[in-house]
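Notes follow the structure.
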Amino acid sequence: MVAKIIVGSTGLAALLLIILMQSTAPSTAGPIGLLAVFFLIYIITIGLMTEVLWVGSRVFQSLAQKVTTKRPPARISLVRAYYFSTVLALGPVILLAMQSIGSLGVYEVVLVVIFVAVGFLYISRR
């Protein structure tokens with residue numbers, strides 16, 4: 001059920017983003033339109049990152065079983081992959097928003113990386 005919700009919301013967000021980008025210009029969209037664009041990009045990125053983390057953990061686990069003889073790493077569940085991807089997907093969206101206002105530099109990138117790392121730490125300990 002969770003997988004269907006993730007796939008459905010990602011597809012719907014992609015469709016809405018395409019419609020929004022075809023029907024309005026950035027100068028006429030206003031603040032709500034720009035917020036909608038960043039929100040839809042975030043939803044799409046969450047769906048893609050969830051899939052990458054979930055499938056990647058399965059591939060990593062199957063490769064690790066062939067190499068290690070002791071305890072192989074466990075697969076990550078879909079819900080846990082979703083939790084991690086909510087934090088991971090926020091990083092590129094923040095960087096894109098900062099680039100759009102022209103204030104993206106090395107210092108800001110380091111701060112976003114630290115923010116994502118703290119989020120990962122919080123989720124992994126939860």
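Starting from 1 in every chain, residues are counted up; chains themselves are A, B, ... following the order of the structure tokens, and ligands are numbered from 1 as listed.
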
Close residues, stretch 13-16 of chain A itself excluded, 9 Å, only C-alpha atoms, min 2 positions apart in chain, as number ranges by chain: A: 8-11, 18-21, 39-41, 43-44

Within 10 Å of A:Val2, counting only C-alpha atoms, which residues show up once you throw out same-chain ones fewer than 4 positions away? Write them as a list in words, please. Ile6, Val7, Gly8, Leu78, Val79 and Tyr82 of chain A

The selected residues should be written to file as a compact mmCIF listing (two decimals), in the first residue's frame (atoms: C-alpha atoms).
```txt
# COMPACT_ATOMS: atom_id res chain seq x y z
CA ILE A 6 4.59 6.75 -3.22
CA VAL A 7 4.37 5.88 -6.91
CA GLY A 8 1.00 7.57 -7.30
CA LEU A 78 10.39 0.70 2.09
CA VAL A 79 9.11 2.86 4.95
CA TYR A 82 11.00 6.78 2.59
```

At a cut-off of 9 Å, using only C-alpha atoms, what residues contact A:Thr45? Leave out same-chain residues fewer than 4 positions from it and give the result as a short mmCIF file (atom, residue, chain, number, x, y, z; two decimals) with N, CA and C atoms, in the first residue's frame.
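Here's the written file selection_6.cif:
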```
data_model
loop_
_atom_site.label_atom_id
_atom_site.label_comp_id
_atom_site.auth_asym_id
_atom_site.auth_seq_id
_atom_site.Cartn_x
_atom_site.Cartn_y
_atom_site.Cartn_z
N THR A 10 4.18 10.50 -6.72
CA THR A 10 5.28 10.94 -7.57
C THR A 10 4.80 11.19 -8.99
N LEU A 40 6.46 20.56 -5.71
CA LEU A 40 6.31 19.43 -6.63
C LEU A 40 7.65 18.78 -6.95
N ILE A 41 8.69 19.60 -7.07
CA ILE A 41 10.04 19.04 -7.28
C ILE A 41 10.44 18.20 -6.06
N MET A 49 14.19 9.18 -4.85
CA MET A 49 15.17 8.79 -3.84
C MET A 49 14.73 7.55 -3.06
N THR A 50 13.45 7.44 -2.80
CA THR A 50 12.94 6.25 -2.11
C THR A 50 13.21 5.01 -2.94
N SER A 85 14.66 9.28 2.54
CA SER A 85 14.56 10.09 1.33
C SER A 85 13.87 11.43 1.57
N THR A 86 13.04 11.54 2.61
CA THR A 86 12.44 12.83 2.90
C THR A 86 13.50 13.86 3.27
N LEU A 88 16.87 13.45 2.47
CA LEU A 88 17.81 13.51 1.36
C LEU A 88 17.26 14.35 0.21
N ALA A 89 15.96 14.30 -0.03
CA ALA A 89 15.36 15.06 -1.12
C ALA A 89 15.29 16.55 -0.82
N LEU A 90 15.35 16.91 0.43
CA LEU A 90 15.28 18.32 0.78
C LEU A 90 16.57 19.05 0.42
N PRO A 92 18.72 18.88 -2.37
CA PRO A 92 18.74 19.49 -3.71
C PRO A 92 17.71 20.60 -3.89
N VAL A 93 16.56 20.47 -3.24
CA VAL A 93 15.54 21.50 -3.36
C VAL A 93 15.99 22.79 -2.68
#
```

Between atom CA of A:Trp54 and atom CA of A:Arg125, what distance in Å does the model show, to one decimal?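 Taking atom CA of A:Trp54 and atom CA of A:Arg125, their separation equals 18.6 Å.
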